[in-house]
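Peer 1: Below is one structure. I have some questions about it.
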Amino acid sequence: MAKIKTNDTVTVISGRDKGKRGKVTEVRPKEHRLVVQGVNERKRHVSRNSARGALQAGIVTFDAPIDVSNVMLVCTQCNQPTRVGFQINPDGRKVRVCKHCGQAITDGK
């Protein structure tokens, strides 16, 4: 089970975007990276015929992937950046748990 999933809210703990919060839009587990909305924004000059599928030439801004180790999950209950633990419920399901308040972290859907 992954500690950070799509639609979770995370805060950046290191790098030039330190302190920013955003929603995870894409997770790339094989690369150990994720894309966070509004964090690590990059600009690329594109032509109309580029492989990015741009309909108009110009400068395109996009969110580049960031390493998973540079972010912390924000707990849905206590609204604090936290480490993530795991617990098995009585019904046999494995759930993510906040290390601060001990509550189960609900999916951000």
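Residues in the structure tokens are numbered from 1 in each chain, the chains being A, B, ... in the order shown, and ligands are numbered from 1 in the order shown.
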I'd like the neighbourhood of stretch 84-100 of chain A as number ranges by chain, where a residue qualifies if any of its atoms comes within 12 Å (using only C-alpha atoms), though same-chain residues fewer than 6 positions away should be ignored.
Peer 2: A: 1-5, 8, 10, 71-78, 106-107
Peer 1: As a VMD selection string, please: every residue in chain A that DSSP puts in strand (DSSP E or B).
Peer 2: chain A and resid 9 to 12 21 to 28 33 to 36 41 to 46 58 to 63 66 to 67 71 to 74 81 to 82 84 to 88 94 to 98 104
Peer 1: When you count only C-alpha atoms, which of these residues is closest to A:Asn79: A:Asp67, A:Val60, A:Cys101, A:Val35?
Peer 2: A:Cys101
Peer 1: Return the single residue from A:Ile105, A:Arg44, A:Thr25, A:His32 that is closest to A:Ala57, with distances computed using only C-alpha atoms.
Peer 2: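 For A:Ala57, the nearest of the given residues is A:Arg44.
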Peer 1: Applying 9 Å and only C-alpha atoms, which residues near A:Glu41 remain after dropping the ones on its own chain fewer than 6 positions away? List them as JSON, numbers by chain.
Peer 2: {"A": [61, 62, 63, 64]}
Peer 1: Find the distance between atom CA of A:Thr9 and atom CA of A:Arg28 and write it in Å to one decimal.
Peer 2: 16.1 Å
Peer 1: Between atom CA of A:Thr6 and atom CA of A:Val24, what is the distance, to one decimal in Å?
Peer 2: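 That distance, rounded to one decimal, is 5.2 Å.
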Peer 1: How many Å lie between atom CA of A:Val36 and atom CA of A:Asn49, rounded to one decimal?
Peer 2: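 Computing the Euclidean distance for atom CA of A:Val36 and atom CA of A:Asn49 yields 27.3 Å.
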